[in-house]
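See below for target_23.cif, which holds mmCIF, C-alpha atoms.
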data_protein
#
loop_
_atom_site.group_PDB
_atom_site.id
_atom_site.type_symbol
_atom_site.label_atom_id
_atom_site.label_comp_id
_atom_site.auth_asym_id
_atom_site.auth_seq_id
_atom_site.Cartn_x
_atom_site.Cartn_y
_atom_site.Cartn_z
ATOM 1 C CA MET G 4 -2.960 -2.287 -8.748
ATOM 2 C CA GLU G 5 -4.946 -4.133 -11.415
ATOM 3 C CA LEU G 6 -3.546 -7.592 -12.087
ATOM 4 C CA ASP G 7 -3.595 -8.794 -15.684
ATOM 5 C CA ALA G 8 -3.733 -12.419 -16.798
ATOM 6 C CA THR G 9 0.061 -12.658 -16.896
ATOM 7 C CA ASP G 10 0.411 -11.324 -13.347
ATOM 8 C CA ARG G 11 -2.145 -13.875 -12.170
ATOM 9 C CA ALA G 12 -0.393 -16.751 -13.911
ATOM 10 C CA LEU G 13 2.888 -15.643 -12.398
ATOM 11 C CA LEU G 14 1.408 -15.289 -8.923
ATOM 12 C CA ASN G 15 -0.179 -18.742 -9.094
ATOM 13 C CA ARG G 16 3.115 -20.237 -10.260
ATOM 14 C CA LEU G 17 5.197 -18.435 -7.612
ATOM 15 C CA GLN G 18 3.011 -19.729 -4.764
ATOM 16 C CA ASP G 19 4.230 -23.253 -5.581
ATOM 17 C CA GLY G 20 7.845 -22.272 -5.016
ATOM 18 C CA ILE G 21 10.715 -21.267 -7.261
ATOM 19 C CA PRO G 22 13.370 -23.747 -8.392
ATOM 20 C CA LEU G 23 16.540 -23.594 -6.307
ATOM 21 C CA THR G 24 18.912 -22.565 -9.075
ATOM 22 C CA ASP G 25 21.057 -19.516 -9.725
ATOM 23 C CA ARG G 26 18.494 -17.892 -12.087
ATOM 24 C CA PRO G 27 15.120 -18.922 -10.639
ATOM 25 C CA PHE G 28 13.125 -16.110 -12.272
ATOM 26 C CA ALA G 29 14.515 -17.029 -15.686
ATOM 27 C CA ALA G 30 13.401 -20.630 -15.077
ATOM 28 C CA VAL G 31 9.890 -19.586 -14.029
ATOM 29 C CA GLY G 32 9.721 -17.191 -16.985
ATOM 30 C CA ALA G 33 10.675 -19.974 -19.389
ATOM 31 C CA GLU G 34 7.761 -22.064 -18.085
ATOM 32 C CA LEU G 35 5.332 -19.218 -18.699
ATOM 33 C CA GLY G 36 6.818 -17.829 -21.905
ATOM 34 C CA LEU G 37 8.162 -14.659 -20.245
ATOM 35 C CA SER G 38 11.621 -13.150 -20.196
ATOM 36 C CA GLU G 39 13.521 -12.999 -16.922
ATOM 37 C CA ASP G 40 13.305 -9.188 -17.000
ATOM 38 C CA GLU G 41 9.559 -9.242 -17.441
ATOM 39 C CA VAL G 42 9.169 -11.634 -14.504
ATOM 40 C CA LEU G 43 11.348 -9.415 -12.304
ATOM 41 C CA VAL G 44 9.464 -6.232 -13.217
ATOM 42 C CA ARG G 45 6.083 -7.833 -12.570
ATOM 43 C CA VAL G 46 7.100 -9.487 -9.297
ATOM 44 C CA ALA G 47 8.659 -6.259 -8.022
ATOM 45 C CA ALA G 48 5.505 -4.318 -8.946
ATOM 46 C CA MET G 49 3.299 -6.820 -7.107
ATOM 47 C CA LYS G 50 5.575 -6.658 -4.077
ATOM 48 C CA ASP G 51 5.542 -2.836 -4.081
ATOM 49 C CA ALA G 52 1.743 -2.779 -4.409
ATOM 50 C CA GLY G 53 1.351 -5.150 -1.479
ATOM 51 C CA VAL G 54 -0.229 -7.902 -3.607
ATOM 52 C CA LEU G 55 2.634 -10.035 -2.336
ATOM 53 C CA SER G 56 2.930 -9.945 1.437
ATOM 54 C CA ARG G 57 6.222 -11.690 1.155
ATOM 55 C CA PHE G 58 8.555 -13.437 -1.234
ATOM 56 C CA GLY G 59 11.147 -15.808 0.164
ATOM 57 C CA PRO G 60 11.758 -19.016 2.072
ATOM 58 C CA MET G 61 8.832 -20.342 4.095
ATOM 59 C CA PHE G 62 10.347 -21.799 7.247
ATOM 60 C CA HIS G 63 8.636 -24.653 9.057
ATOM 61 C CA ALA G 64 8.894 -23.844 12.772
ATOM 62 C CA GLU G 65 8.193 -27.303 14.160
ATOM 63 C CA ARG G 66 10.668 -29.073 11.864
ATOM 64 C CA MET G 67 13.311 -26.593 13.003
ATOM 65 C CA GLY G 68 12.673 -27.796 16.512
ATOM 66 C CA GLY G 69 10.740 -24.655 17.295
ATOM 67 C CA GLY G 70 7.375 -24.039 18.872
ATOM 68 C CA LEU G 71 4.186 -22.759 17.288
ATOM 69 C CA THR G 72 0.715 -22.022 18.536
ATOM 70 C CA LEU G 73 -2.405 -20.134 17.620
ATOM 71 C CA ALA G 74 -3.517 -17.944 20.515
ATOM 72 C CA ALA G 75 -6.472 -15.681 21.204
ATOM 73 C CA MET G 76 -7.359 -12.769 23.450
ATOM 74 C CA ALA G 77 -10.559 -10.950 24.389
ATOM 75 C CA VAL G 78 -9.566 -7.294 24.062
ATOM 76 C CA PRO G 79 -11.880 -4.477 25.181
ATOM 77 C CA ALA G 80 -12.680 -2.148 22.254
ATOM 78 C CA ALA G 81 -11.190 0.886 24.017
ATOM 79 C CA ASP G 82 -7.858 -0.914 24.441
ATOM 80 C CA TYR G 83 -7.705 -2.525 21.025
ATOM 81 C CA GLU G 84 -5.158 -0.199 19.452
ATOM 82 C CA ARG G 85 -2.831 -0.284 22.445
ATOM 83 C CA VAL G 86 -2.998 -4.082 22.749
ATOM 84 C CA THR G 87 -2.429 -4.517 18.993
ATOM 85 C CA GLU G 88 0.772 -2.496 19.246
ATOM 86 C CA GLN G 89 1.913 -4.388 22.327
ATOM 87 C CA VAL G 90 1.226 -7.822 20.826
ATOM 88 C CA ASN G 91 2.712 -6.987 17.414
ATOM 89 C CA ALA G 92 5.886 -5.687 19.072
ATOM 90 C CA PHE G 93 6.819 -9.284 19.942
ATOM 91 C CA PRO G 94 9.008 -10.623 17.113
ATOM 92 C CA GLU G 95 7.615 -14.109 17.875
ATOM 93 C CA VAL G 96 4.128 -12.962 16.800
ATOM 94 C CA ALA G 97 4.079 -13.911 13.129
ATOM 95 C CA HIS G 98 0.469 -13.189 12.128
ATOM 96 C CA ASN G 99 -2.265 -11.329 13.923
ATOM 97 C CA TYR G 100 -5.893 -11.004 12.838
ATOM 98 C CA ALA G 101 -8.813 -9.055 14.244
ATOM 99 C CA ARG G 102 -11.913 -11.277 14.313
ATOM 100 C CA GLU G 103 -15.550 -10.746 15.210
ATOM 101 C CA HIS G 104 -16.084 -12.721 18.401
ATOM 102 C CA ALA G 105 -15.689 -12.241 22.153
ATOM 103 C CA LEU G 106 -12.183 -13.590 21.437
ATOM 104 C CA ASN G 107 -11.413 -10.787 19.020
ATOM 105 C CA MET G 108 -7.658 -11.015 18.471
ATOM 106 C CA TRP G 109 -6.078 -14.182 17.030
ATOM 107 C CA PHE G 110 -2.367 -14.509 16.461
ATOM 108 C CA VAL G 111 0.335 -17.081 15.787
ATOM 109 C CA VAL G 112 3.298 -17.353 18.143
ATOM 110 C CA ALA G 113 6.349 -18.974 16.513
ATOM 111 C CA THR G 114 9.446 -19.553 18.615
ATOM 112 C CA GLU G 115 12.818 -21.230 18.297
ATOM 113 C CA THR G 116 12.153 -23.741 21.069
ATOM 114 C CA PRO G 117 8.875 -25.382 22.168
ATOM 115 C CA GLU G 118 9.340 -24.133 25.760
ATOM 116 C CA ARG G 119 9.544 -20.544 24.583
ATOM 117 C CA VAL G 120 5.893 -20.524 23.413
ATOM 118 C CA ALA G 121 4.576 -20.514 26.987
ATOM 119 C CA GLU G 122 7.126 -17.863 27.987
ATOM 120 C CA VAL G 123 6.061 -15.575 25.159
ATOM 121 C CA CYS G 124 2.359 -16.061 25.962
ATOM 122 C CA ALA G 125 3.109 -15.206 29.595
ATOM 123 C CA ALA G 126 5.104 -12.145 28.533
ATOM 124 C CA ILE G 127 2.203 -10.966 26.330
ATOM 125 C CA GLU G 128 -0.164 -11.377 29.306
ATOM 126 C CA GLU G 129 2.180 -9.344 31.473
ATOM 127 C CA ARG G 130 2.642 -6.604 28.866
ATOM 128 C CA THR G 131 -1.055 -6.257 28.007
ATOM 129 C CA GLY G 132 -2.646 -7.142 31.338
ATOM 130 C CA LEU G 133 -5.027 -9.527 29.541
ATOM 131 C CA PRO G 134 -5.211 -13.342 29.487
ATOM 132 C CA VAL G 135 -3.842 -15.192 26.449
ATOM 133 C CA TYR G 136 -5.578 -18.438 25.450
ATOM 134 C CA PRO G 137 -3.313 -20.790 23.499
ATOM 135 C CA PHE G 138 -4.885 -23.150 20.948
ATOM 136 C CA PRO G 139 -1.987 -25.381 19.851
ATOM 137 C CA LYS G 140 -2.449 -27.649 16.863
ATOM 138 C CA LEU G 141 -3.127 -31.236 17.992
ATOM 139 C CA ALA G 142 -3.623 -32.725 14.524
ATOM 140 C CA GLU G 143 -3.526 -31.433 10.973
ATOM 141 C CA TYR G 144 -5.900 -32.795 8.365
ATOM 142 C CA TYR G 145 -4.727 -30.917 5.331
ATOM 143 C CA LEU G 146 -2.496 -28.123 4.210
ATOM 144 C CA ASN G 147 -2.901 -26.650 0.790
ATOM 145 C CA LEU G 148 -2.896 -22.914 1.202
ATOM 146 C CA ARG G 149 -2.986 -21.527 -2.308
ATOM 147 C CA PHE G 150 -5.009 -18.575 -3.489
ATOM 148 C CA LYS G 151 -6.037 -18.631 -7.098
ATOM 149 C CA ALA G 152 -5.163 -15.179 -8.418
ATOM 150 C CA MET A 8 13.105 -31.146 20.656
ATOM 151 C CA THR A 9 16.161 -33.391 20.457
ATOM 152 C CA ASP A 10 15.227 -35.046 17.151
ATOM 153 C CA ALA A 11 15.194 -31.724 15.309
ATOM 154 C CA PRO A 12 17.500 -31.670 12.285
ATOM 155 C CA GLN A 13 20.789 -29.964 12.943
ATOM 156 C CA LEU A 14 21.234 -26.482 11.586
ATOM 157 C CA ASP A 15 24.718 -25.095 11.699
ATOM 158 C CA GLU A 16 25.817 -21.501 12.140
ATOM 159 C CA THR A 17 25.925 -20.874 8.383
ATOM 160 C CA ASP A 18 22.340 -22.139 7.975
ATOM 161 C CA ARG A 19 21.285 -19.776 10.729
ATOM 162 C CA ARG A 20 23.040 -16.872 9.057
ATOM 163 C CA ILE A 21 21.263 -17.696 5.805
ATOM 164 C CA MET A 22 17.941 -17.785 7.643
ATOM 165 C CA LEU A 23 18.611 -14.445 9.310
ATOM 166 C CA ALA A 24 19.553 -12.927 5.962
ATOM 167 C CA THR A 25 16.368 -14.185 4.247
ATOM 168 C CA GLN A 26 13.612 -14.133 6.831
ATOM 169 C CA GLU A 27 12.496 -10.696 5.667
ATOM 170 C CA GLY A 28 12.331 -12.172 2.173
ATOM 171 C CA LEU A 29 14.581 -12.590 -0.846
ATOM 172 C CA PRO A 30 15.599 -9.647 -3.019
ATOM 173 C CA ILE A 31 13.727 -9.658 -6.323
ATOM 174 C CA VAL A 32 16.764 -9.673 -8.585
ATOM 175 C CA ALA A 33 17.996 -12.018 -11.315
ATOM 176 C CA ARG A 34 20.321 -13.875 -8.931
ATOM 177 C CA PRO A 35 18.677 -13.682 -5.509
ATOM 178 C CA PHE A 36 20.873 -16.396 -3.995
ATOM 179 C CA ALA A 37 24.005 -14.522 -5.079
ATOM 180 C CA ALA A 38 22.713 -11.487 -3.180
ATOM 181 C CA VAL A 39 22.220 -13.649 -0.084
ATOM 182 C CA ALA A 40 25.678 -15.186 -0.583
ATOM 183 C CA GLU A 41 27.239 -11.752 -0.584
ATOM 184 C CA ARG A 42 25.535 -10.824 2.669
ATOM 185 C CA VAL A 43 26.473 -14.091 4.361
ATOM 186 C CA GLY A 44 29.982 -14.232 2.909
ATOM 187 C CA ILE A 45 29.841 -17.655 1.236
ATOM 188 C CA PRO A 46 29.622 -18.720 -2.439
ATOM 189 C CA GLU A 47 26.286 -18.565 -4.279
ATOM 190 C CA ALA A 48 26.409 -22.323 -4.985
ATOM 191 C CA GLU A 49 26.663 -23.037 -1.279
ATOM 192 C CA VAL A 50 23.580 -20.922 -0.518
ATOM 193 C CA ILE A 51 21.646 -22.875 -3.150
ATOM 194 C CA ASP A 52 22.923 -26.236 -1.834
ATOM 195 C CA ARG A 53 21.981 -25.332 1.712
ATOM 196 C CA PHE A 54 18.470 -24.252 0.665
ATOM 197 C CA ARG A 55 18.080 -27.561 -1.205
ATOM 198 C CA ARG A 56 19.107 -29.468 1.902
ATOM 199 C CA MET A 57 16.822 -27.440 4.183
ATOM 200 C CA GLN A 58 13.958 -28.013 1.761
ATOM 201 C CA GLU A 59 14.644 -31.776 1.696
ATOM 202 C CA MET A 60 14.636 -31.819 5.500
ATOM 203 C CA GLY A 61 11.369 -29.912 5.527
ATOM 204 C CA ILE A 62 12.841 -26.979 7.427
ATOM 205 C CA VAL A 63 12.002 -24.815 4.427
ATOM 206 C CA ARG A 64 8.598 -25.715 2.952
ATOM 207 C CA ARG A 65 9.414 -23.865 -0.267
ATOM 208 C CA VAL A 66 10.823 -20.560 -1.491
ATOM 209 C CA ALA A 67 7.690 -18.863 -2.704
ATOM 210 C CA ALA A 68 5.391 -15.892 -2.974
ATOM 211 C CA VAL A 69 2.830 -15.340 -0.237
ATOM 212 C CA PRO A 70 -0.010 -13.225 -1.593
ATOM 213 C CA ASN A 71 -2.087 -10.825 0.423
ATOM 214 C CA HIS A 72 -5.408 -12.579 -0.100
ATOM 215 C CA TYR A 73 -7.381 -9.398 0.613
ATOM 216 C CA LYS A 74 -5.749 -7.754 -2.377
ATOM 217 C CA LEU A 75 -6.733 -10.740 -4.533
ATOM 218 C CA GLY A 76 -10.382 -10.196 -3.701
ATOM 219 C CA TYR A 77 -10.658 -12.864 -0.996
ATOM 220 C CA THR A 78 -12.033 -10.304 1.388
ATOM 221 C CA ALA A 79 -14.161 -12.700 3.421
ATOM 222 C CA ASN A 80 -12.053 -14.925 5.604
ATOM 223 C CA GLY A 81 -14.013 -17.120 7.973
ATOM 224 C CA MET A 82 -12.417 -19.245 10.631
ATOM 225 C CA THR A 83 -15.070 -21.924 11.071
ATOM 226 C CA VAL A 84 -14.936 -23.813 14.358
ATOM 227 C CA TRP A 85 -16.802 -27.031 15.079
ATOM 228 C CA GLU A 86 -17.781 -28.807 18.273
ATOM 229 C CA VAL A 87 -16.837 -32.381 17.443
ATOM 230 C CA PRO A 88 -16.389 -35.158 20.037
ATOM 231 C CA LEU A 89 -12.894 -36.639 20.036
ATOM 232 C CA ASP A 90 -14.005 -40.158 19.062
ATOM 233 C CA VAL A 91 -15.164 -38.918 15.642
ATOM 234 C CA ILE A 92 -12.854 -35.953 15.155
ATOM 235 C CA ASP A 93 -10.509 -37.613 12.654
ATOM 236 C CA GLU A 94 -13.461 -38.575 10.448
ATOM 237 C CA ALA A 95 -14.849 -35.029 10.670
ATOM 238 C CA GLY A 96 -11.431 -33.481 9.986
ATOM 239 C CA GLN A 97 -10.900 -35.624 6.896
ATOM 240 C CA ARG A 98 -14.351 -34.724 5.543
ATOM 241 C CA LEU A 99 -13.727 -30.981 5.839
ATOM 242 C CA ALA A 100 -10.140 -31.232 4.585
ATOM 243 C CA ALA A 101 -11.370 -32.802 1.344
ATOM 244 C CA LEU A 102 -13.238 -29.589 0.424
ATOM 245 C CA GLU A 103 -11.282 -27.471 -2.035
ATOM 246 C CA TYR A 104 -12.249 -24.199 -0.330
ATOM 247 C CA VAL A 105 -10.877 -25.313 3.065
ATOM 248 C CA SER A 106 -7.260 -24.172 3.226
ATOM 249 C CA HIS A 107 -6.315 -25.395 6.707
ATOM 250 C CA CYS A 108 -8.056 -27.917 8.943
ATOM 251 C CA TYR A 109 -6.698 -28.512 12.433
ATOM 252 C CA ARG A 110 -7.721 -30.196 15.644
ATOM 253 C CA ARG A 111 -7.159 -27.865 18.617
ATOM 254 C CA PRO A 112 -8.052 -28.102 22.314
ATOM 255 C CA ALA A 113 -11.493 -27.034 23.554
ATOM 256 C CA LYS A 114 -11.775 -24.710 26.558
ATOM 257 C CA PRO A 115 -15.187 -25.580 27.965
ATOM 258 C CA PRO A 116 -17.594 -24.121 28.737
ATOM 259 C CA GLU A 117 -16.903 -20.889 26.789
ATOM 260 C CA TRP A 118 -15.100 -22.568 23.904
ATOM 261 C CA PRO A 119 -16.400 -26.065 23.083
ATOM 262 C CA TYR A 120 -14.859 -26.146 19.595
ATOM 263 C CA THR A 121 -12.257 -28.763 18.671
ATOM 264 C CA LEU A 122 -11.987 -28.568 14.892
ATOM 265 C CA PHE A 123 -10.862 -25.425 13.036
ATOM 266 C CA ALA A 124 -11.300 -25.048 9.263
ATOM 267 C CA MET A 125 -10.315 -21.874 7.435
ATOM 268 C CA VAL A 126 -12.602 -20.810 4.592
ATOM 269 C CA HIS A 127 -11.697 -18.033 2.145
ATOM 270 C CA ALA A 128 -14.230 -16.501 -0.204
ATOM 271 C CA THR A 129 -15.020 -13.309 -2.041
ATOM 272 C CA ASP A 130 -17.847 -12.299 0.295
ATOM 273 C CA ARG A 131 -19.681 -13.396 3.413
ATOM 274 C CA THR A 132 -22.647 -14.781 1.497
ATOM 275 C CA GLN A 133 -20.285 -17.238 -0.162
ATOM 276 C CA VAL A 134 -18.682 -18.133 3.185
ATOM 277 C CA GLU A 135 -22.141 -18.738 4.659
ATOM 278 C CA ALA A 136 -23.151 -21.004 1.761
ATOM 279 C CA ARG A 137 -19.987 -23.003 2.298
ATOM 280 C CA VAL A 138 -20.547 -23.282 6.040
ATOM 281 C CA THR A 139 -24.053 -24.637 5.361
ATOM 282 C CA GLU A 140 -22.505 -27.222 3.053
ATOM 283 C CA MET A 141 -19.871 -28.130 5.662
ATOM 284 C CA ALA A 142 -22.533 -28.534 8.354
ATOM 285 C CA ALA A 143 -24.505 -30.871 6.089
ATOM 286 C CA LEU A 144 -21.364 -32.856 5.346
ATOM 287 C CA LEU A 145 -20.594 -33.307 9.048
ATOM 288 C CA GLY A 146 -24.195 -34.063 10.051
ATOM 289 C CA ASP A 147 -24.310 -35.592 13.526
ATOM 290 C CA LEU A 148 -20.527 -35.529 13.937
ATOM 291 C CA ALA A 149 -20.728 -31.849 14.965
ATOM 292 C CA ARG A 150 -22.844 -30.655 17.872
ATOM 293 C CA GLY A 151 -22.466 -26.999 17.000
ATOM 294 C CA HIS A 152 -20.341 -24.498 15.135
ATOM 295 C CA THR A 153 -19.666 -20.830 14.641
ATOM 296 C CA VAL A 154 -17.737 -18.627 12.217
ATOM 297 C CA LEU A 155 -15.209 -15.975 13.219
ATOM 298 C CA TYR A 156 -14.809 -13.476 10.405
ATOM 299 C CA SER A 157 -11.572 -11.585 10.187
ATOM 300 C CA THR A 158 -11.997 -7.843 9.968
ATOM 301 C CA LYS A 159 -8.384 -6.779 9.668
ATOM 302 C CA ILE A 160 -4.868 -8.145 9.236
ATOM 303 C CA LEU A 161 -3.008 -6.640 12.190
ATOM 304 C CA LYS A 162 0.357 -8.240 11.351
ATOM 305 C CA LYS A 163 1.699 -10.680 8.784
ATOM 306 C CA THR A 164 5.420 -11.257 8.729
ATOM 307 C CA GLY A 165 6.130 -14.984 8.800
ATOM 308 C CA LEU A 166 8.462 -16.781 11.124
ATOM 309 C CA ARG A 167 11.366 -14.847 12.640
ATOM 310 C CA ILE A 168 14.431 -16.045 14.452
ATOM 311 C CA GLN A 169 16.529 -13.826 16.673
ATOM 312 C CA GLY A 170 19.934 -12.688 15.499
#
Before anything else, please render the file you have as structure tokens.
Amino acid sequence: MELDATDRALLNRLQDGIPLTDRPFAAVGAELGLSEDEVLVRVAAMKDAGVLSRFGPMFHAERMGGGLTLAAMAVPAADYERVTEQVNAFPEVAHNYAREHALNMWFVVATETPERVAEVCAAIEERTGLPVYPFPKLAEYYLNLRFKA
Amino acid sequence: MTDAPQLDETDRRIMLATQEGLPIVARPFAAVAERVGIPEAEVIDRFRRMQEMGIVRRVAAVPNHYKLGYTANGMTVWEVPLDVIDEAGQRLAALEYVSHCYRRPAKPPEWPYTLFAMVHATDRTQVEARVTEMAALLGDLARGHTVLYSTKILKKTGLRIQG
């Protein structure tokens, strides 16, 4: 889908979070000079077109007492499709990216308890028959993930 | 983690009902309330509390950056000794095109890199120009670096909890 200037303004605004009120889309629309209906139609269209991967609460795993790690695997090309399916089948795997490197599969494991991270990594190793290398975050220098639309 | 904020059963039910996302309707919290079986105002109050506690960062849109034209996504990784890593991390984090900057463990000898900085751009030429700039900014703090380009999103769902 082609995004127009209004879609882009809306998308930029919605990345910052909606107000927690009973009519959040009306509130966002009022800021941008749009009706609630127009906001809803545009947001639904962007969701349907896949421009929005997701719309909803962004949970913070560590603050919930959960565990989180980035992990990588070196997957032989011939096995890539099979291993992708096996890794993605774990509900604890939140994101998974193919990357150009000997370590060619990079994913995030998010779990409800810190101990569970190691269990899930071990289960992925068992399922796929390949080693999983965890790269947990030791320090964070910044977090401002916004994409200008 | 014993110091984690307490979530009660209702909070968990709200999380289960919304982890796939919120419905895009005029009163999304009323739709959640109906599913969970509590009043709309309580859903809103509980989200406010979870946001104050930092359990919910925000209720927001997550764009697919590929569809926005950010087709080049380079995970830059830097070999930085631990005694200067905070300085190096702060330098990279100050760049507007660096979205995340984390210290992570090295796995020598194959993986000497300790500092990860994600760079998004419209093409690889732009990523490369930025990496050159980052290398100049770090100077002697980094002994080496490489860039891992992403070629495909294999999965992107966000955090899930089990029902």
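Using only C-alpha atoms for every distance, the candidate list A:Thr129, A:Ile45, A:Val138, A:Ile160 yields A:Ile160 as the residue closest to chain G.
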Check: Mind telling me what the PyMOL selection byres ((chain A and resi 84) around 12) catches here, as a VMD selection string?
Finding: (chain G and resid 104) or (chain A and resid 81 to 83 85 to 87 95 to 96 99 107 to 113 118 to 126 138 141 to 142 149 to 156)
Margin query: Could you work out which residues of chain G fall inside 7 Å of chain A? Count only C-alpha atoms, and format the result as number ranges by chain.
Written below: G: 17-21, 23-26, 28, 43, 47, 53-63, 66-68, 91, 94-95, 97-104, 113, 115, 138-148, 150, 152
Notebook entry, point to check: Distance CA of Leu71 (chain G)-CA of Arg130 (chain G), one decimal place?
Noted result: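 It comes out at 19.9 Å.
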Next item on the list: Please measure the separation of CA of Thr116 (chain G) and CA of Arg20 (chain A), giving the value in Å to one decimal.
Entry: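 Computed distance, CA of Thr116 (chain G) to CA of Arg20 (chain A), equals 17.6 Å.
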Please report, as JSON, the centre and edge lengths in Å to one decimal of an axis-aligned box covering all listed atoms of region 77-92 of chain A with 8 Å per side.
{"center_x": -14.2, "center_y": -25.2, "center_z": 9.5, "size_x": 23.1, "size_y": 45.9, "size_z": 37.0}
N, CA and C atoms for region 66-89 of chain A, written as an mmCIF file, in the frame of the given file, could you do that?
data_model
loop_
_atom_site.group_PDB
_atom_site.id
_atom_site.type_symbol
_atom_site.label_atom_id
_atom_site.label_comp_id
_atom_site.auth_asym_id
_atom_site.auth_seq_id
_atom_site.Cartn_x
_atom_site.Cartn_y
_atom_site.Cartn_z
ATOM 1 N N VAL A 66 10.458 -21.967 -1.335
ATOM 2 C CA VAL A 66 10.823 -20.560 -1.491
ATOM 3 C C VAL A 66 9.783 -19.992 -2.449
ATOM 4 N N ALA A 67 8.902 -19.152 -1.937
ATOM 5 C CA ALA A 67 7.690 -18.863 -2.704
ATOM 6 C C ALA A 67 7.121 -17.491 -2.378
ATOM 7 N N ALA A 68 6.144 -17.116 -3.198
ATOM 8 C CA ALA A 68 5.391 -15.892 -2.974
ATOM 9 C C ALA A 68 4.227 -16.180 -2.032
ATOM 10 N N VAL A 69 4.003 -15.273 -1.112
ATOM 11 C CA VAL A 69 2.830 -15.340 -0.237
ATOM 12 C C VAL A 69 1.957 -14.132 -0.574
ATOM 13 N N PRO A 70 0.819 -14.368 -1.222
ATOM 14 C CA PRO A 70 -0.010 -13.225 -1.593
ATOM 15 C C PRO A 70 -0.792 -12.683 -0.411
ATOM 16 N N ASN A 71 -1.148 -11.426 -0.519
ATOM 17 C CA ASN A 71 -2.087 -10.825 0.423
ATOM 18 C C ASN A 71 -3.468 -11.149 -0.128
ATOM 19 N N HIS A 72 -4.164 -12.095 0.516
ATOM 20 C CA HIS A 72 -5.408 -12.579 -0.100
ATOM 21 C C HIS A 72 -6.492 -11.504 -0.167
ATOM 22 N N TYR A 73 -6.418 -10.501 0.713
ATOM 23 C CA TYR A 73 -7.381 -9.398 0.613
ATOM 24 C C TYR A 73 -7.245 -8.691 -0.730
ATOM 25 N N LYS A 74 -5.984 -8.489 -1.123
ATOM 26 C CA LYS A 74 -5.749 -7.754 -2.377
ATOM 27 C C LYS A 74 -6.136 -8.588 -3.593
ATOM 28 N N LEU A 75 -6.293 -9.891 -3.422
ATOM 29 C CA LEU A 75 -6.733 -10.740 -4.533
ATOM 30 C C LEU A 75 -8.251 -10.868 -4.571
ATOM 31 N N GLY A 76 -8.924 -10.160 -3.683
ATOM 32 C CA GLY A 76 -10.382 -10.196 -3.701
ATOM 33 C C GLY A 76 -10.987 -11.201 -2.741
ATOM 34 N N TYR A 77 -10.137 -11.933 -1.997
ATOM 35 C CA TYR A 77 -10.658 -12.864 -0.996
ATOM 36 C C TYR A 77 -10.866 -12.075 0.295
ATOM 37 N N THR A 78 -11.884 -11.234 0.270
ATOM 38 C CA THR A 78 -12.033 -10.304 1.388
ATOM 39 C C THR A 78 -12.775 -10.931 2.565
ATOM 40 N N ALA A 79 -13.464 -12.036 2.322
ATOM 41 C CA ALA A 79 -14.161 -12.700 3.421
ATOM 42 C C ALA A 79 -13.336 -13.905 3.845
ATOM 43 N N ASN A 80 -12.915 -13.879 5.072
ATOM 44 C CA ASN A 80 -12.053 -14.925 5.604
ATOM 45 C C ASN A 80 -12.719 -15.400 6.873
ATOM 46 N N GLY A 81 -13.280 -16.597 6.820
ATOM 47 C CA GLY A 81 -14.013 -17.120 7.973
ATOM 48 C C GLY A 81 -13.271 -18.270 8.614
ATOM 49 N N MET A 82 -12.978 -18.112 9.895
ATOM 50 C CA MET A 82 -12.417 -19.245 10.631
ATOM 51 C C MET A 82 -13.621 -20.001 11.182
ATOM 52 N N THR A 83 -13.922 -21.153 10.592
ATOM 53 C CA THR A 83 -15.070 -21.924 11.071
ATOM 54 C C THR A 83 -14.575 -22.873 12.156
ATOM 55 N N VAL A 84 -15.334 -22.953 13.239
ATOM 56 C CA VAL A 84 -14.936 -23.813 14.358
ATOM 57 C C VAL A 84 -16.110 -24.720 14.711
ATOM 58 N N TRP A 85 -15.804 -25.981 14.968
ATOM 59 C CA TRP A 85 -16.802 -27.031 15.079
ATOM 60 C C TRP A 85 -16.643 -27.781 16.383
ATOM 61 N N GLU A 86 -17.788 -28.045 17.023
ATOM 62 C CA GLU A 86 -17.781 -28.807 18.273
ATOM 63 C C GLU A 86 -17.953 -30.285 17.910
ATOM 64 N N VAL A 87 -16.824 -30.977 17.882
ATOM 65 C CA VAL A 87 -16.837 -32.381 17.443
ATOM 66 C C VAL A 87 -16.238 -33.234 18.562
ATOM 67 N N PRO A 88 -16.951 -34.278 19.003
ATOM 68 C CA PRO A 88 -16.389 -35.158 20.037
ATOM 69 C C PRO A 88 -15.122 -35.853 19.532
ATOM 70 N N LEU A 89 -14.208 -36.123 20.439
ATOM 71 C CA LEU A 89 -12.894 -36.639 20.036
ATOM 72 C C LEU A 89 -12.958 -37.999 19.353
#
